[in-house]
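Here is upload-v1.cif, consisting of mmCIF, C-alpha atoms:
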```
data_model
loop_
_atom_site.label_atom_id
_atom_site.label_comp_id
_atom_site.auth_asym_id
_atom_site.auth_seq_id
_atom_site.Cartn_x
_atom_site.Cartn_y
_atom_site.Cartn_z
CA MET A 1 -28.80 -72.15 34.27
CA ILE A 2 -25.86 -71.90 36.63
CA LYS A 3 -24.21 -68.48 36.93
CA THR A 4 -21.52 -67.62 39.45
CA PRO A 5 -19.23 -64.64 40.07
CA LEU A 6 -16.57 -66.47 38.05
CA CYS A 7 -18.73 -66.16 34.91
CA ASP A 8 -18.93 -62.39 35.41
CA LEU A 9 -15.25 -62.06 36.23
CA LEU A 10 -14.17 -63.66 32.95
CA GLY A 11 -17.19 -63.24 30.71
CA ILE A 12 -17.73 -66.99 30.33
CA GLU A 13 -21.01 -68.87 30.13
CA TYR A 14 -20.18 -71.88 32.29
CA PRO A 15 -17.93 -71.64 35.38
CA ILE A 16 -15.55 -74.30 34.17
CA PHE A 17 -11.86 -74.29 33.25
CA GLN A 18 -10.19 -76.97 31.20
CA GLY A 19 -7.01 -78.03 32.98
CA GLY A 20 -3.68 -77.03 31.44
CA MET A 21 -2.42 -80.53 30.80
CA ALA A 22 1.13 -80.61 29.43
CA TRP A 23 1.55 -82.16 25.96
CA ILE A 24 -2.25 -82.31 25.70
CA ALA A 25 -3.89 -78.92 26.24
CA ASP A 26 -3.18 -77.27 22.87
CA ALA A 27 -5.05 -74.82 20.62
CA SER A 28 -7.52 -77.47 19.48
CA LEU A 29 -8.78 -78.39 22.94
CA ALA A 30 -8.55 -74.88 24.40
CA ALA A 31 -10.54 -73.35 21.53
CA ALA A 32 -13.19 -76.09 21.72
CA VAL A 33 -13.73 -75.49 25.43
CA SER A 34 -13.84 -71.71 25.00
CA ASN A 35 -16.27 -72.03 22.11
CA ALA A 36 -18.43 -74.23 24.32
CA GLY A 37 -18.65 -71.45 26.92
CA GLY A 38 -15.97 -72.55 29.38
CA LEU A 39 -12.42 -71.28 29.70
CA GLY A 40 -10.05 -73.19 27.45
CA ILE A 41 -6.44 -73.21 28.53
CA ILE A 42 -3.24 -73.76 26.55
CA ALA A 43 -0.52 -75.51 28.55
CA ALA A 44 2.82 -73.74 28.07
CA MET A 45 4.43 -76.66 29.94
CA ASN A 46 8.15 -76.94 29.11
CA ALA A 47 7.72 -75.30 25.71
CA ASN A 48 9.53 -72.17 24.59
CA ALA A 49 8.22 -68.76 23.54
CA GLN A 50 8.03 -69.68 19.85
CA TRP A 51 5.78 -72.69 20.46
CA LEU A 52 3.47 -70.72 22.73
CA ARG A 53 3.14 -67.85 20.24
CA GLU A 54 2.13 -70.29 17.51
CA GLU A 55 -0.37 -72.04 19.75
CA ILE A 56 -1.94 -68.71 20.77
CA ALA A 57 -2.23 -67.73 17.10
CA LYS A 58 -3.89 -71.06 16.25
CA THR A 59 -6.31 -70.67 19.15
CA ARG A 60 -7.29 -67.23 17.91
CA GLN A 61 -8.06 -68.67 14.49
CA LEU A 62 -10.39 -71.19 16.10
CA THR A 63 -12.19 -68.97 18.59
CA ASP A 64 -13.07 -65.33 19.27
CA ARG A 65 -13.71 -66.09 22.90
CA ILE A 66 -11.54 -65.65 25.96
CA PHE A 67 -8.97 -68.34 26.71
CA GLY A 68 -6.08 -68.72 29.11
CA VAL A 69 -2.50 -69.98 29.27
CA ASN A 70 -1.19 -72.28 31.99
CA ILE A 71 2.38 -71.47 32.96
CA MET A 72 4.28 -74.16 34.76
CA LEU A 73 6.67 -72.28 37.00
CA MET A 74 9.27 -75.06 37.08
CA SER A 75 9.68 -74.83 33.30
CA PRO A 76 13.14 -73.81 32.07
CA PHE A 77 11.31 -71.38 29.76
CA ALA A 78 9.07 -69.86 32.47
CA ASP A 79 10.75 -66.43 32.17
CA GLU A 80 10.23 -66.17 28.41
CA VAL A 81 6.68 -67.52 28.29
CA ALA A 82 5.82 -65.14 31.15
CA ASP A 83 6.62 -62.31 28.71
CA VAL A 84 4.85 -63.93 25.75
CA VAL A 85 1.47 -63.84 27.52
CA ILE A 86 1.91 -60.08 28.01
CA GLU A 87 3.06 -59.41 24.45
CA GLU A 88 0.26 -61.52 22.99
CA GLY A 89 -2.43 -59.91 25.12
CA VAL A 90 -3.55 -63.11 26.82
CA LYS A 91 -6.33 -62.28 29.31
CA VAL A 92 -5.98 -65.09 31.83
CA VAL A 93 -2.93 -66.86 33.21
CA VAL A 94 -3.21 -69.95 35.34
CA THR A 95 -0.05 -70.96 37.18
CA GLY A 96 1.03 -74.30 38.55
CA ALA A 97 3.97 -75.88 40.33
CA GLY A 98 5.17 -73.01 42.48
CA ASN A 99 4.83 -69.40 43.55
CA PRO A 100 4.31 -66.96 40.63
CA GLY A 101 5.34 -64.04 42.86
CA LYS A 102 8.13 -62.75 40.68
CA TYR A 103 5.84 -62.35 37.64
CA MET A 104 2.76 -61.04 39.45
CA LYS A 105 3.50 -57.33 39.19
CA LYS A 106 4.09 -57.27 35.45
CA TRP A 107 1.13 -59.52 34.69
CA LEU A 108 -1.20 -57.39 36.78
CA ALA A 109 0.20 -54.22 35.18
CA ALA A 110 -0.64 -55.75 31.78
CA GLY A 111 -4.24 -56.29 32.94
CA ILE A 112 -3.90 -60.07 33.02
CA LYS A 113 -6.11 -61.96 35.44
CA VAL A 114 -3.85 -64.34 37.34
CA ILE A 115 -5.44 -67.49 38.70
CA PRO A 116 -2.93 -69.76 40.47
CA VAL A 117 -3.43 -73.39 41.39
CA VAL A 118 -2.93 -73.73 45.14
CA PRO A 119 -2.44 -76.87 47.23
CA SER A 120 -2.56 -75.24 50.68
CA VAL A 121 -4.16 -72.45 52.71
CA ALA A 122 -0.89 -70.54 53.26
CA MET A 123 -0.21 -70.48 49.51
CA ALA A 124 -3.81 -69.34 48.91
CA LYS A 125 -3.45 -66.45 51.35
CA LEU A 126 -0.09 -65.39 49.94
CA LEU A 127 -1.33 -65.32 46.34
CA ALA A 128 -4.67 -63.68 47.13
CA ARG A 129 -2.68 -60.91 48.77
CA SER A 130 -0.36 -60.63 45.76
CA GLY A 131 -3.29 -59.79 43.49
CA ALA A 132 -4.67 -63.09 42.16
CA SER A 133 -8.17 -62.68 40.66
CA ALA A 134 -9.26 -66.15 41.74
CA LEU A 135 -7.67 -69.38 42.95
CA ILE A 136 -7.90 -73.00 41.94
CA ALA A 137 -7.83 -75.26 45.00
CA GLU A 138 -6.66 -78.56 43.63
CA GLY A 139 -6.93 -81.75 45.63
CA GLY A 140 -4.74 -84.81 45.26
CA GLU A 141 -7.45 -86.74 43.38
CA SER A 142 -6.33 -84.98 40.25
CA GLY A 143 -3.99 -86.30 37.61
CA GLY A 144 -0.44 -85.15 37.02
CA HIS A 145 1.34 -83.20 39.75
CA VAL A 146 -0.56 -83.55 43.01
CA GLY A 147 -0.62 -82.18 46.54
CA ASP A 148 -1.46 -84.14 49.67
CA LEU A 149 -4.81 -82.66 50.63
CA THR A 150 -8.02 -83.95 49.09
CA THR A 151 -10.47 -81.69 47.28
CA MET A 152 -13.08 -82.34 49.98
CA ALA A 153 -10.71 -81.11 52.71
CA LEU A 154 -8.87 -78.36 50.82
CA VAL A 155 -11.63 -76.43 49.05
CA PRO A 156 -13.63 -75.25 52.10
CA GLN A 157 -10.43 -74.28 53.92
CA VAL A 158 -9.22 -72.18 51.00
CA VAL A 159 -12.70 -70.66 50.63
CA ASP A 160 -12.58 -69.62 54.29
CA ALA A 161 -9.08 -68.15 53.95
CA VAL A 162 -9.61 -65.76 51.02
CA GLU A 163 -12.15 -63.24 49.72
CA ILE A 164 -11.68 -63.98 46.01
CA PRO A 165 -13.52 -66.65 43.97
CA VAL A 166 -12.25 -70.20 44.39
CA LEU A 167 -12.47 -72.99 41.82
CA ALA A 168 -12.33 -76.61 42.89
CA ALA A 169 -10.20 -79.11 41.00
CA GLY A 170 -9.35 -82.76 41.43
CA GLY A 171 -11.96 -85.49 41.32
CA ILE A 172 -14.49 -83.69 39.17
CA ALA A 173 -15.88 -85.48 36.12
CA ASP A 174 -19.66 -85.26 36.33
CA GLY A 175 -22.47 -82.97 37.46
CA ARG A 176 -22.70 -84.43 40.95
CA GLN A 177 -19.09 -83.50 41.59
CA VAL A 178 -19.67 -80.02 40.15
CA ALA A 179 -22.62 -79.61 42.53
CA ALA A 180 -20.52 -80.88 45.44
CA ALA A 181 -17.81 -78.33 44.59
CA PHE A 182 -20.41 -75.56 44.88
CA MET A 183 -21.55 -76.99 48.22
CA LEU A 184 -17.95 -76.74 49.44
CA GLY A 185 -17.97 -73.04 48.63
CA ALA A 186 -16.32 -73.06 45.22
CA CYS A 187 -17.87 -70.99 42.45
CA GLY A 188 -16.30 -72.88 39.59
CA VAL A 189 -14.45 -76.05 38.68
CA GLN A 190 -11.35 -77.00 36.74
CA VAL A 191 -11.57 -80.30 34.93
CA GLY A 192 -8.74 -82.20 33.28
CA THR A 193 -9.29 -85.92 32.97
CA ARG A 194 -12.74 -85.76 31.37
CA PHE A 195 -11.49 -83.42 28.67
CA LEU A 196 -8.75 -85.91 27.77
CA VAL A 197 -11.33 -87.82 25.79
CA ALA A 198 -12.96 -84.78 24.18
CA LYS A 199 -13.24 -85.21 20.41
CA GLU A 200 -11.16 -82.05 19.98
CA CYS A 201 -8.40 -83.31 22.28
CA THR A 202 -5.38 -84.24 20.17
CA VAL A 203 -3.83 -86.63 22.69
CA HIS A 204 -2.94 -90.01 21.14
CA GLN A 205 -5.88 -92.41 20.73
CA ASN A 206 -4.07 -95.05 22.81
CA TYR A 207 -4.04 -92.58 25.71
CA LYS A 208 -7.78 -91.97 25.30
CA ASP A 209 -8.47 -95.71 25.15
CA LYS A 210 -6.48 -96.29 28.31
CA ILE A 211 -8.60 -93.65 30.13
CA LEU A 212 -11.84 -95.09 28.78
CA LYS A 213 -10.90 -98.55 30.08
CA ALA A 214 -9.63 -97.42 33.49
CA HIS A 215 -11.10 -98.72 36.74
CA ASP A 216 -11.49 -96.78 39.97
CA ILE A 217 -8.36 -98.22 41.59
CA ASP A 218 -6.10 -97.87 38.56
CA THR A 219 -4.24 -94.66 39.37
CA VAL A 220 -1.09 -94.50 41.48
CA VAL A 221 1.14 -91.72 42.76
CA THR A 222 4.85 -91.93 42.08
CA GLY A 223 7.65 -89.41 42.50
CA LYS A 224 7.23 -88.67 46.21
CA ARG A 225 10.91 -89.28 46.79
CA LEU A 226 11.78 -86.55 44.28
CA GLY A 227 9.46 -84.07 45.96
CA HIS A 228 7.03 -83.80 43.06
CA PRO A 229 4.50 -86.60 43.21
CA VAL A 230 2.54 -87.40 40.06
CA ARG A 231 -0.71 -89.34 39.64
CA ALA A 232 -0.96 -91.58 36.60
CA LEU A 233 -2.59 -94.80 35.45
CA ARG A 234 -0.73 -97.90 36.57
CA ASN A 235 1.39 -99.50 33.86
CA ASN A 236 4.93 -100.76 33.22
CA PHE A 237 6.24 -97.23 33.56
CA THR A 238 4.75 -96.59 37.03
CA LYS A 239 5.82 -100.05 38.22
CA GLU A 240 9.41 -99.47 37.17
CA PHE A 241 9.36 -95.93 38.57
CA ALA A 242 8.11 -97.19 41.95
CA ARG A 243 10.78 -99.91 41.97
CA LEU A 244 13.54 -97.36 41.31
CA GLU A 245 12.16 -95.07 44.01
CA GLN A 246 12.31 -97.84 46.58
CA SER A 247 15.81 -98.86 45.68
CA ALA A 248 18.41 -97.18 47.89
CA SER A 249 21.16 -97.84 45.35
CA VAL A 250 19.42 -95.76 42.67
CA THR A 251 20.14 -92.03 42.79
CA ASP A 252 17.52 -89.29 42.44
CA GLU A 253 19.23 -88.19 39.22
CA GLU A 254 18.81 -91.66 37.75
CA ILE A 255 15.11 -91.61 38.61
CA GLU A 256 14.70 -88.13 37.09
CA ARG A 257 16.36 -89.38 33.94
CA PHE A 258 14.09 -92.42 33.83
CA GLY A 259 11.01 -90.19 34.11
CA ALA A 260 12.11 -87.57 31.59
CA GLY A 261 9.99 -87.49 28.44
CA SER A 262 7.57 -90.13 29.72
CA LEU A 263 4.42 -87.98 29.40
CA ARG A 264 5.28 -86.98 25.85
CA LEU A 265 5.90 -90.62 25.00
CA ALA A 266 2.38 -91.58 26.11
CA ALA A 267 0.50 -88.45 25.03
CA ARG A 268 2.05 -87.88 21.60
CA GLU A 269 3.53 -91.23 20.57
CA GLY A 270 0.87 -93.41 22.16
CA ASP A 271 3.20 -95.67 24.12
CA VAL A 272 0.89 -96.21 27.07
CA LYS A 273 3.01 -99.03 28.49
CA GLN A 274 6.38 -97.31 28.87
CA GLY A 275 5.03 -93.76 28.98
CA SER A 276 3.30 -91.85 31.77
CA VAL A 277 -0.50 -91.84 31.34
CA MET A 278 -1.34 -89.07 33.77
CA ALA A 279 -4.97 -89.08 34.87
CA GLY A 280 -7.08 -88.35 37.91
CA GLN A 281 -8.96 -90.77 40.14
CA VAL A 282 -12.11 -90.05 38.12
CA ALA A 283 -10.63 -91.69 35.00
CA SER A 284 -13.00 -94.62 35.47
CA MET A 285 -16.00 -92.26 35.33
CA VAL A 286 -14.96 -91.15 31.87
CA THR A 287 -16.59 -93.65 29.55
CA LYS A 288 -17.09 -92.06 26.16
CA GLU A 289 -15.54 -89.68 23.70
CA GLN A 290 -17.69 -86.58 23.21
CA PRO A 291 -17.29 -83.09 21.84
CA ALA A 292 -16.15 -80.65 24.56
CA ALA A 293 -19.45 -78.76 24.29
CA GLU A 294 -21.44 -81.90 25.03
CA ILE A 295 -19.23 -82.70 28.04
CA ILE A 296 -19.81 -79.26 29.51
CA GLN A 297 -23.55 -79.24 28.84
CA GLU A 298 -23.95 -82.70 30.33
CA MET A 299 -22.02 -81.78 33.47
CA PHE A 300 -23.94 -78.58 34.09
CA THR A 301 -27.37 -79.98 33.28
CA GLN A 302 -26.73 -82.71 35.83
CA ALA A 303 -25.28 -80.26 38.36
CA GLU A 304 -28.40 -78.15 38.09
CA GLU A 305 -30.67 -81.15 38.70
CA VAL A 306 -28.60 -82.22 41.69
CA LEU A 307 -28.55 -78.73 43.17
CA LYS A 308 -32.31 -78.35 42.73
CA GLY A 309 -32.82 -81.58 44.63
CA ALA A 310 -30.27 -80.69 47.28
CA THR A 311 -32.89 -79.83 49.90
CA LYS A 312 -34.58 -83.20 49.79
CA TRP A 313 -33.17 -84.33 53.15
CA VAL A 314 -33.87 -81.03 54.85
CA LYS A 315 -36.98 -81.56 56.94
CA MET B 1 14.82 -60.84 71.60
CA GLU B 2 16.87 -60.80 68.46
CA VAL B 3 15.07 -61.59 65.20
CA LEU B 4 17.13 -64.68 64.45
CA GLU B 5 16.51 -66.02 67.93
CA LYS B 6 12.78 -65.52 67.58
CA VAL B 7 12.73 -67.09 64.11
CA ILE B 8 14.56 -70.11 65.53
CA LYS B 9 12.03 -70.31 68.36
CA VAL B 10 9.11 -70.29 65.89
CA LEU B 11 10.86 -72.87 63.73
CA ALA B 12 11.61 -75.10 66.69
CA GLU B 13 7.95 -75.07 67.66
CA TYR B 14 6.87 -75.56 64.05
CA LYS B 15 9.09 -78.59 63.58
CA GLU B 16 8.87 -79.78 67.20
CA VAL B 17 12.64 -79.90 67.57
CA ASP B 18 15.03 -78.46 70.18
CA ALA B 19 15.88 -74.81 69.39
CA SER B 20 19.53 -75.47 70.24
CA THR B 21 19.81 -77.73 67.18
CA ILE B 22 18.99 -74.83 64.81
CA THR B 23 21.43 -72.12 63.73
CA ALA B 24 21.46 -69.45 61.00
CA ASP B 25 23.23 -71.93 58.74
CA THR B 26 20.69 -74.71 59.14
CA THR B 27 19.10 -75.39 55.77
CA PHE B 28 15.43 -76.02 55.05
CA GLU B 29 16.49 -79.30 53.59
CA GLU B 30 18.01 -80.35 56.91
CA LEU B 31 14.78 -79.33 58.61
CA GLU B 32 12.83 -81.25 55.96
CA LEU B 33 10.87 -78.17 54.91
CA ASP B 34 9.61 -78.22 51.33
CA SER B 35 8.34 -75.22 49.37
CA LEU B 36 4.80 -75.53 50.76
CA ASP B 37 6.10 -75.77 54.33
CA THR B 38 8.16 -72.66 53.67
CA VAL B 39 5.11 -70.63 52.66
CA ASP B 40 3.25 -71.98 55.67
CA LEU B 41 6.15 -70.97 57.90
CA VAL B 42 6.30 -67.48 56.39
CA MET B 43 2.64 -67.04 57.33
CA GLU B 44 3.45 -68.18 60.89
CA LEU B 45 6.27 -65.66 61.09
CA GLU B 46 4.00 -62.90 59.81
CA ASN B 47 1.61 -63.59 62.67
CA GLU B 48 4.40 -63.82 65.20
CA PHE B 49 6.05 -60.54 64.17
CA GLY B 50 2.91 -58.73 63.04
CA ILE B 51 4.42 -58.02 59.63
CA THR B 52 3.77 -58.68 55.95
CA ILE B 53 6.59 -60.48 54.19
CA GLU B 54 7.01 -59.91 50.47
CA MET B 55 7.78 -63.21 48.77
CA GLU B 56 8.73 -62.71 45.18
CA ASP B 57 11.89 -64.22 43.90
CA GLN B 58 14.04 -64.73 46.94
CA LYS B 59 16.04 -67.88 47.21
CA LEU B 60 15.29 -69.06 50.69
CA SER B 61 17.46 -71.96 51.69
CA THR B 62 18.68 -71.33 55.23
CA VAL B 63 17.25 -70.13 58.53
CA GLY B 64 19.52 -67.08 58.18
CA ASP B 65 17.86 -66.22 54.83
CA ILE B 66 14.42 -66.18 56.35
CA ALA B 67 15.58 -64.18 59.38
CA ALA B 68 17.05 -61.58 57.01
CA LEU B 69 13.72 -61.41 55.19
CA VAL B 70 11.91 -60.82 58.48
CA GLU B 71 14.39 -58.08 59.42
CA LYS B 72 13.86 -56.41 56.08
CA SER B 73 10.09 -56.46 56.60
CA LEU B 74 10.48 -55.00 60.09
CA ALA B 75 12.62 -52.13 58.86
#
```

Whole structure given in structure tokens:
Amino acid sequence: MIKTPLCDLLGIEYPIFQGGMAWIADASLAAAVSNAGGLGIIAAMNANAQWLREEIAKTRQLTDRIFGVNIMLMSPFADEVADVVIEEGVKVVVTGAGNPGKYMKKWLAAGIKVIPVVPSVAMAKLLARSGASALIAEGGESGGHVGDLTTMALVPQVVDAVEIPVLAAGGIADGRQVAAAFMLGACGVQVGTRFLVAKECTVHQNYKDKILKAHDIDTVVTGKRLGHPVRALRNNFTKEFARLEQSASVTDEEIERFGAGSLRLAAREGDVKQGSVMAGQVASMVTKEQPAAEIIQEMFTQAEEVLKGATKWVK
Amino acid sequence: MEVLEKVIKVLAEYKEVDASTITADTTFEELELDSLDTVDLVMELENEFGITIEMEDQKLSTVGDIAALVEKSLA
């Protein structure tokens, strides 16, 4: 069995978070992961207070266990969903895409454990100081919005910079990668891509099929020009996006407009040609649909084996 | 040394540009500093001035903004 300080901090069985993937991480997936002993997370993404309240209520019908909400700080509804998590008594808030500074005080006062995703050491230090309970150091191998540093380089540097527990994210799909994350000093992992194909994940089947068929070299990063790079599987959408980005005659606004709604199109409507199929570099390691519980058990059984054998080269 | 002057000096070193090209009105955009760079820079300034800077909801867009924040932290 693998137990880390993160398990004690949150009262979870396995030190694993399910990533707060927009348009994908809903009550169904979050509850399945929490029921399996991890921390399920609802993605508040660009949704409003009403949607989040309903999703929290649905999650509570499906599980008695702890779960979290991911708040994307760039969302136009960030202010209102920041209040919903307090009113609804959510225990854990994960933040992405920015500095949650302005909400920290009220969340902490409400007893919420705040666990921000950080892409750099300076951000890690700043948020640890502001009262974060733990941090998620996410490398650029991950899907969706990405930073420049890799998980291998970022995790140990964040671990050295702060005293609180650090989770590793980006590039983690099996037990070997979980074990490696522990070797880098993390005491937990956040996993997105592998949960995309969980039985309980309500993303469109076409999206799942596209992940299941992906090869190692199939993801690309677009959006650098706009200042928010995104990793997704290569398709017509990413090709056209890259072409627009390279064209000097196309304005940033035109590119933004082209990209708007593309994730929803792929995730909910199943248009995996013209939509954005966000996924991490480990998409090719994800080869079958399984219940979330099986995914977690498989990852941690393998991690345990790997960690037990970790001394084999030490003479 | 005045706060603004010192902030400009730190910035000039950080960006490896001539300090004379930076004024209070220079924007982060002109210096090609994104939000992550800004946090990194704030940490640099904390070390330089031996202070703790509260970063909550300030809109930091110019060198003058950040100098004002440093002055507030020094007060």

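Taking CA of Ile12 (chain A) and CA of Thr63 (chain A) as the two end points, the separation is 13.1 Å.
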
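CA of Leu52 (chain A) to CA of Ala198 (chain A) spans 21.7 Å [interatomic distance, one decimal].
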
At most 7 Å to chain B: residues in chain A, all atoms listed in the file, as number ranges by chain: A: 101-102, 122-123

Residues near Glu141 (chain A), cut-off 8 Å, all atoms listed in the file, skip fewer than 2 positions along chain, as JSON, numbers by chain: {"A": [139, 143, 146, 150, 151, 170, 171, 280, 281, 282]}

Matched chain/residue IDs from the PyMOL selection byres ((chain A and resi 274) around 10), as a list of chain:residue names: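 Matching residues under the PyMOL selection byres ((chain A and resi 274) around 10) are A:Asn235, A:Asn236, A:Phe237, A:Thr238, A:Lys239, A:Glu240, A:Gly259, A:Ser262, A:Leu263, A:Leu265, A:Ala266, A:Gly270, A:Asp271, A:Val272, A:Lys273, A:Gly275, A:Ser276, A:Val277.
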
Residue nearest Ala24 (chain B) - candidates B:Ile51, B:Leu74, B:Leu4, B:Val10, atoms counted: only C-alpha atoms: B:Leu4

Explicit residue set for the PyMOL selection byres ((chain A and resi 193) around 6), as an MDAnalysis selection string: chainID A and resid 192 194:196 279:280

Residue nearest Ile22 (chain B) among B:Leu45, B:Ala68, B:Val63, B:Ala75 (counting only C-alpha atoms):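 With only C-alpha atoms as the atom set, the closest residue is B:Val63.
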
Please tell me which residues are no farther than 12 Å from (-3.4, -83.4, 48.9) in the file, counting only C-alpha atoms, and write them as a short mmCIF file (atom, residue, chain, number, x, y, z; two decimals) with C-alpha atoms, in the coordinates of the input.
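Done, and the output landed in out-v9.cif:
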```cif
data_model
loop_
_atom_site.label_atom_id
_atom_site.label_comp_id
_atom_site.auth_asym_id
_atom_site.auth_seq_id
_atom_site.Cartn_x
_atom_site.Cartn_y
_atom_site.Cartn_z
CA VAL A 118 -2.93 -73.73 45.14
CA PRO A 119 -2.44 -76.87 47.23
CA SER A 120 -2.56 -75.24 50.68
CA VAL A 121 -4.16 -72.45 52.71
CA ALA A 137 -7.83 -75.26 45.00
CA GLU A 138 -6.66 -78.56 43.63
CA GLY A 139 -6.93 -81.75 45.63
CA GLY A 140 -4.74 -84.81 45.26
CA GLU A 141 -7.45 -86.74 43.38
CA SER A 142 -6.33 -84.98 40.25
CA GLY A 143 -3.99 -86.30 37.61
CA HIS A 145 1.34 -83.20 39.75
CA VAL A 146 -0.56 -83.55 43.01
CA GLY A 147 -0.62 -82.18 46.54
CA ASP A 148 -1.46 -84.14 49.67
CA LEU A 149 -4.81 -82.66 50.63
CA THR A 150 -8.02 -83.95 49.09
CA THR A 151 -10.47 -81.69 47.28
CA MET A 152 -13.08 -82.34 49.98
CA ALA A 153 -10.71 -81.11 52.71
CA LEU A 154 -8.87 -78.36 50.82
CA VAL A 155 -11.63 -76.43 49.05
CA ALA A 169 -10.20 -79.11 41.00
CA GLY A 170 -9.35 -82.76 41.43
CA GLY A 171 -11.96 -85.49 41.32
CA VAL A 221 1.14 -91.72 42.76
CA HIS A 228 7.03 -83.80 43.06
CA PRO A 229 4.50 -86.60 43.21
CA VAL A 230 2.54 -87.40 40.06
CA ARG A 231 -0.71 -89.34 39.64
CA LEU B 36 4.80 -75.53 50.76
#
```

Explicit residues for the PyMOL selection byres ((chain B and resi 31) around 10) (as a ChimeraX atom specification): /B:11-12,15,17,22,26-30,32-34,62-63

Write the residues you've just listed into a file as a compact mmCIF listing (two decimals), in the coordinates of the input, and include C-alpha atoms for each of them.
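Result file is result-v3.txt:
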```txt
# COMPACT_ATOMS: atom_id res chain seq x y z
CA LEU B 11 10.86 -72.87 63.73
CA ALA B 12 11.61 -75.10 66.69
CA LYS B 15 9.09 -78.59 63.58
CA VAL B 17 12.64 -79.90 67.57
CA ILE B 22 18.99 -74.83 64.81
CA THR B 26 20.69 -74.71 59.14
CA THR B 27 19.10 -75.39 55.77
CA PHE B 28 15.43 -76.02 55.05
CA GLU B 29 16.49 -79.30 53.59
CA GLU B 30 18.01 -80.35 56.91
CA GLU B 32 12.83 -81.25 55.96
CA LEU B 33 10.87 -78.17 54.91
CA ASP B 34 9.61 -78.22 51.33
CA THR B 62 18.68 -71.33 55.23
CA VAL B 63 17.25 -70.13 58.53
```

Within 12 Å of Gln61 (chain A) using all atoms listed in the file, minus same-chain residues under 2 positions, as a list of chain:residue names: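 Once the adjacent positions are removed, what remains is A:Ala27, A:Ser28, A:Ala30, A:Ala31, A:Ala32, A:Asn35, A:Glu54, A:Glu55, A:Ile56, A:Ala57, A:Lys58, A:Thr59, A:Thr63, A:Asp64, A:Arg65.
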
Residues just named, written with C-alpha atoms as a PDB file, in the frame of the given file:
```pdb
ATOM      1  CA  ALA A  27      -5.050 -74.820  20.620  1.00  0.00           C
ATOM      2  CA  SER A  28      -7.520 -77.470  19.480  1.00  0.00           C
ATOM      3  CA  ALA A  30      -8.550 -74.880  24.400  1.00  0.00           C
ATOM      4  CA  ALA A  31     -10.540 -73.350  21.530  1.00  0.00           C
ATOM      5  CA  ALA A  32     -13.190 -76.090  21.720  1.00  0.00           C
ATOM      6  CA  ASN A  35     -16.270 -72.030  22.110  1.00  0.00           C
ATOM      7  CA  GLU A  54       2.130 -70.290  17.510  1.00  0.00           C
ATOM      8  CA  GLU A  55      -0.370 -72.040  19.750  1.00  0.00           C
ATOM      9  CA  ILE A  56      -1.940 -68.710  20.770  1.00  0.00           C
ATOM     10  CA  ALA A  57      -2.230 -67.730  17.100  1.00  0.00           C
ATOM     11  CA  LYS A  58      -3.890 -71.060  16.250  1.00  0.00           C
ATOM     12  CA  THR A  59      -6.310 -70.670  19.150  1.00  0.00           C
ATOM     13  CA  THR A  63     -12.190 -68.970  18.590  1.00  0.00           C
ATOM     14  CA  ASP A  64     -13.070 -65.330  19.270  1.00  0.00           C
ATOM     15  CA  ARG A  65     -13.710 -66.090  22.900  1.00  0.00           C
TER      16      ARG A  65
END
```
